[in-house]
Amino acid sequence: MSELQSTASGRPLIGCAGWSIPKEAAAAFPGAGSHLERYAAVFPAVEINSSFYRPHQPQTYARWAASVPQGFRFSVKLPKAITHEAKLVDTDDLLDRFVREAGELGPKLGCVLVQLPPSGVFDAAVVADFLPRLRARFPCMLALEGRHPTWFGDSATSLLREHGVTRVIADPPAGQPGPHVPTTDASYLRLHGTPRVYYSAYPRAFLLDVERRIAALARPGADLWCIFDNTAEGHSVPNALDVLRGVEVSAAA
């Protein structure tokens, strides 16, 4: 397995869930190269969601890593076989397989994302056993999106902090009963689309608020991800481009 390391570059890692480029946004990208090469010429990061549904060969991850710039980072979603089917229990073999695969991203693996089902109730004993196993295999950033209200209580917050796992800031905030409570200095925003999850485009006023939130969340030496997951009708790319440009303009001012 290739060596893993944290990003900790201080640069906001703005991108999309997947690297498809809709026809309407094609002019913002180079014309030559694979979809990933063209995407990575503009965005600094991407979230791989397909790993949730099916395994990819180690050589596939290695090829992806080789096709992007040195500073580019991947976030990889933990397989549903671990999160939804095994429910985080007795997962050593599954975790070993996943690290053999996704570990081939090497230092370009910036984050492992754990998304739990809306029905997934927080169980302190299970989580206290699982998180060290995940951390032992992935010394990069870990982010967790719990979607049941029990994942937002004091016990869950304490365990996430203890193991250095970043609580995802999601829109819409499924299961979250109150304001976001951070668990690390790092941040991971996942913007799924509102009002229609995965489909809706975000209005400019919302995107300006995202830019302000990114500025407020920035911490020296801590990763800051902002991933648009409203991919079903191609809105993630233009929304992410707007935020990327806004953040870059603010940084240059």
# chains A, B, ... in the order shown; residues from 1 in each chain; ligands from 1
$ select_by_dssp --residues "stretch 10-248 of chain A" --states "alpha helix (DSSP H)" --output "mmCIF file with C-alpha atoms, in the first residue's frame"
data_model
loop_
_atom_site.group_PDB
_atom_site.id
_atom_site.type_symbol
_atom_site.label_atom_id
_atom_site.label_comp_id
_atom_site.auth_asym_id
_atom_site.auth_seq_id
_atom_site.Cartn_x
_atom_site.Cartn_y
_atom_site.Cartn_z
ATOM 1 C CA HIS A 35 -12.724 13.683 -17.795
ATOM 2 C CA LEU A 36 -10.659 13.439 -14.614
ATOM 3 C CA GLU A 37 -7.655 15.219 -16.135
ATOM 4 C CA ARG A 38 -9.858 18.057 -17.387
ATOM 5 C CA TYR A 39 -11.697 18.289 -14.050
ATOM 6 C CA ALA A 40 -8.448 18.283 -12.030
ATOM 7 C CA SER A 50 -18.689 5.062 -6.695
ATOM 8 C CA SER A 51 -16.538 3.293 -4.078
ATOM 9 C CA PHE A 52 -19.646 3.173 -1.887
ATOM 10 C CA TYR A 53 -21.463 0.990 -4.411
ATOM 11 C CA PRO A 58 -5.977 -0.996 -6.882
ATOM 12 C CA GLN A 59 -4.556 -0.199 -10.307
ATOM 13 C CA THR A 60 -7.610 1.951 -11.038
ATOM 14 C CA TYR A 61 -6.934 4.112 -7.996
ATOM 15 C CA ALA A 62 -3.243 4.264 -8.952
ATOM 16 C CA ARG A 63 -4.165 5.402 -12.471
ATOM 17 C CA TRP A 64 -6.451 8.097 -11.088
ATOM 18 C CA ALA A 65 -3.705 9.351 -8.775
ATOM 19 C CA ALA A 66 -1.203 9.473 -11.624
ATOM 20 C CA LYS A 80 -21.816 0.400 1.926
ATOM 21 C CA ASP A 92 -11.603 -5.979 9.527
ATOM 22 C CA ASP A 93 -11.569 -7.980 6.286
ATOM 23 C CA LEU A 94 -13.651 -5.368 4.487
ATOM 24 C CA LEU A 95 -11.429 -2.542 5.762
ATOM 25 C CA ASP A 96 -8.304 -4.423 4.729
ATOM 26 C CA ARG A 97 -9.651 -4.842 1.224
ATOM 27 C CA PHE A 98 -10.614 -1.185 1.013
ATOM 28 C CA VAL A 99 -7.223 0.062 2.166
ATOM 29 C CA ARG A 100 -5.494 -2.191 -0.393
ATOM 30 C CA GLU A 101 -7.618 -0.536 -3.063
ATOM 31 C CA ALA A 102 -7.979 3.132 -2.096
ATOM 32 C CA ALA A 124 -21.248 3.880 21.555
ATOM 33 C CA ALA A 125 -19.732 0.407 21.941
ATOM 34 C CA VAL A 126 -19.780 -0.278 18.203
ATOM 35 C CA VAL A 127 -18.364 3.135 17.323
ATOM 36 C CA ALA A 128 -15.638 2.956 19.996
ATOM 37 C CA ASP A 129 -14.540 -0.351 18.482
ATOM 38 C CA PHE A 130 -14.806 0.699 14.825
ATOM 39 C CA LEU A 131 -13.146 4.115 14.743
ATOM 40 C CA PRO A 132 -9.702 2.947 15.970
ATOM 41 C CA ARG A 133 -9.763 0.198 13.337
ATOM 42 C CA LEU A 134 -10.508 2.745 10.631
ATOM 43 C CA ARG A 135 -7.909 5.181 11.959
ATOM 44 C CA ALA A 136 -5.211 2.486 12.125
ATOM 45 C CA ARG A 137 -5.623 1.891 8.392
ATOM 46 C CA ASP A 154 -22.837 14.385 23.526
ATOM 47 C CA SER A 155 -21.633 10.775 23.501
ATOM 48 C CA ALA A 156 -21.207 10.730 19.719
ATOM 49 C CA THR A 157 -19.494 14.114 19.780
ATOM 50 C CA SER A 158 -17.072 12.901 22.444
ATOM 51 C CA LEU A 159 -16.122 9.747 20.523
ATOM 52 C CA LEU A 160 -15.623 11.601 17.251
ATOM 53 C CA ARG A 161 -13.362 14.089 19.025
ATOM 54 C CA GLU A 162 -11.438 11.347 20.798
ATOM 55 C CA ARG A 204 -26.399 32.635 -5.789
ATOM 56 C CA ALA A 205 -27.355 33.901 -2.319
ATOM 57 C CA PHE A 206 -26.726 30.435 -0.861
ATOM 58 C CA LEU A 207 -23.389 30.132 -2.659
ATOM 59 C CA LEU A 208 -22.260 33.493 -1.277
ATOM 60 C CA ASP A 209 -23.129 32.203 2.175
ATOM 61 C CA VAL A 210 -21.027 29.097 1.487
ATOM 62 C CA GLU A 211 -18.081 31.332 0.564
ATOM 63 C CA ARG A 212 -18.483 33.244 3.835
ATOM 64 C CA ARG A 213 -18.727 29.997 5.762
ATOM 65 C CA ILE A 214 -15.549 28.678 4.183
ATOM 66 C CA ALA A 215 -13.733 31.837 5.264
ATOM 67 C CA ALA A 216 -15.100 31.467 8.806
ATOM 68 C CA LEU A 217 -14.190 27.773 9.062
ATOM 69 C CA SER A 236 -22.792 20.470 -8.906
ATOM 70 C CA VAL A 237 -20.142 21.686 -11.345
ATOM 71 C CA PRO A 238 -21.488 25.214 -11.988
ATOM 72 C CA ASN A 239 -22.285 25.661 -8.281
ATOM 73 C CA ALA A 240 -18.794 24.509 -7.276
ATOM 74 C CA LEU A 241 -17.189 26.731 -9.942
ATOM 75 C CA ASP A 242 -19.004 29.774 -8.567
ATOM 76 C CA VAL A 243 -17.752 29.073 -5.046
ATOM 77 C CA LEU A 244 -14.223 28.239 -6.196
ATOM 78 C CA ARG A 245 -13.973 31.513 -8.117
ATOM 79 C CA GLY A 246 -15.447 33.496 -5.233
ATOM 80 C CA VAL A 247 -13.000 32.015 -2.739
ATOM 81 C CA GLU A 248 -10.057 32.595 -5.064
#
$ residues_around --residues "A:Phe72" --least-positions-apart "6" --cutoff "12 Å" --atoms "only C-alpha atoms" --output "ChimeraX atom specification"
/A:7,9,11-15,36-37,39-47,64-66,105-111
$ residues_around --residues "stretch 179-181 of chain A" --least-positions-apart "4" --cutoff "12 Å" --atoms "only C-alpha atoms" --output "ChimeraX atom specification"
/A:145,151-154,156-158,160-161,166-175,185,187-189,217
$ select_by_dssp --residues "stretch 56-204 of chain A" --states "strand (DSSP E)" --output "ChimeraX atom specification"
/A:73-77,109-115,141-145,165-167,169-171,187-191
$ atom_distance --atom1 "atom CA of A:Leu88" --atom2 "atom CA of A:Trp225"
24.2 Å
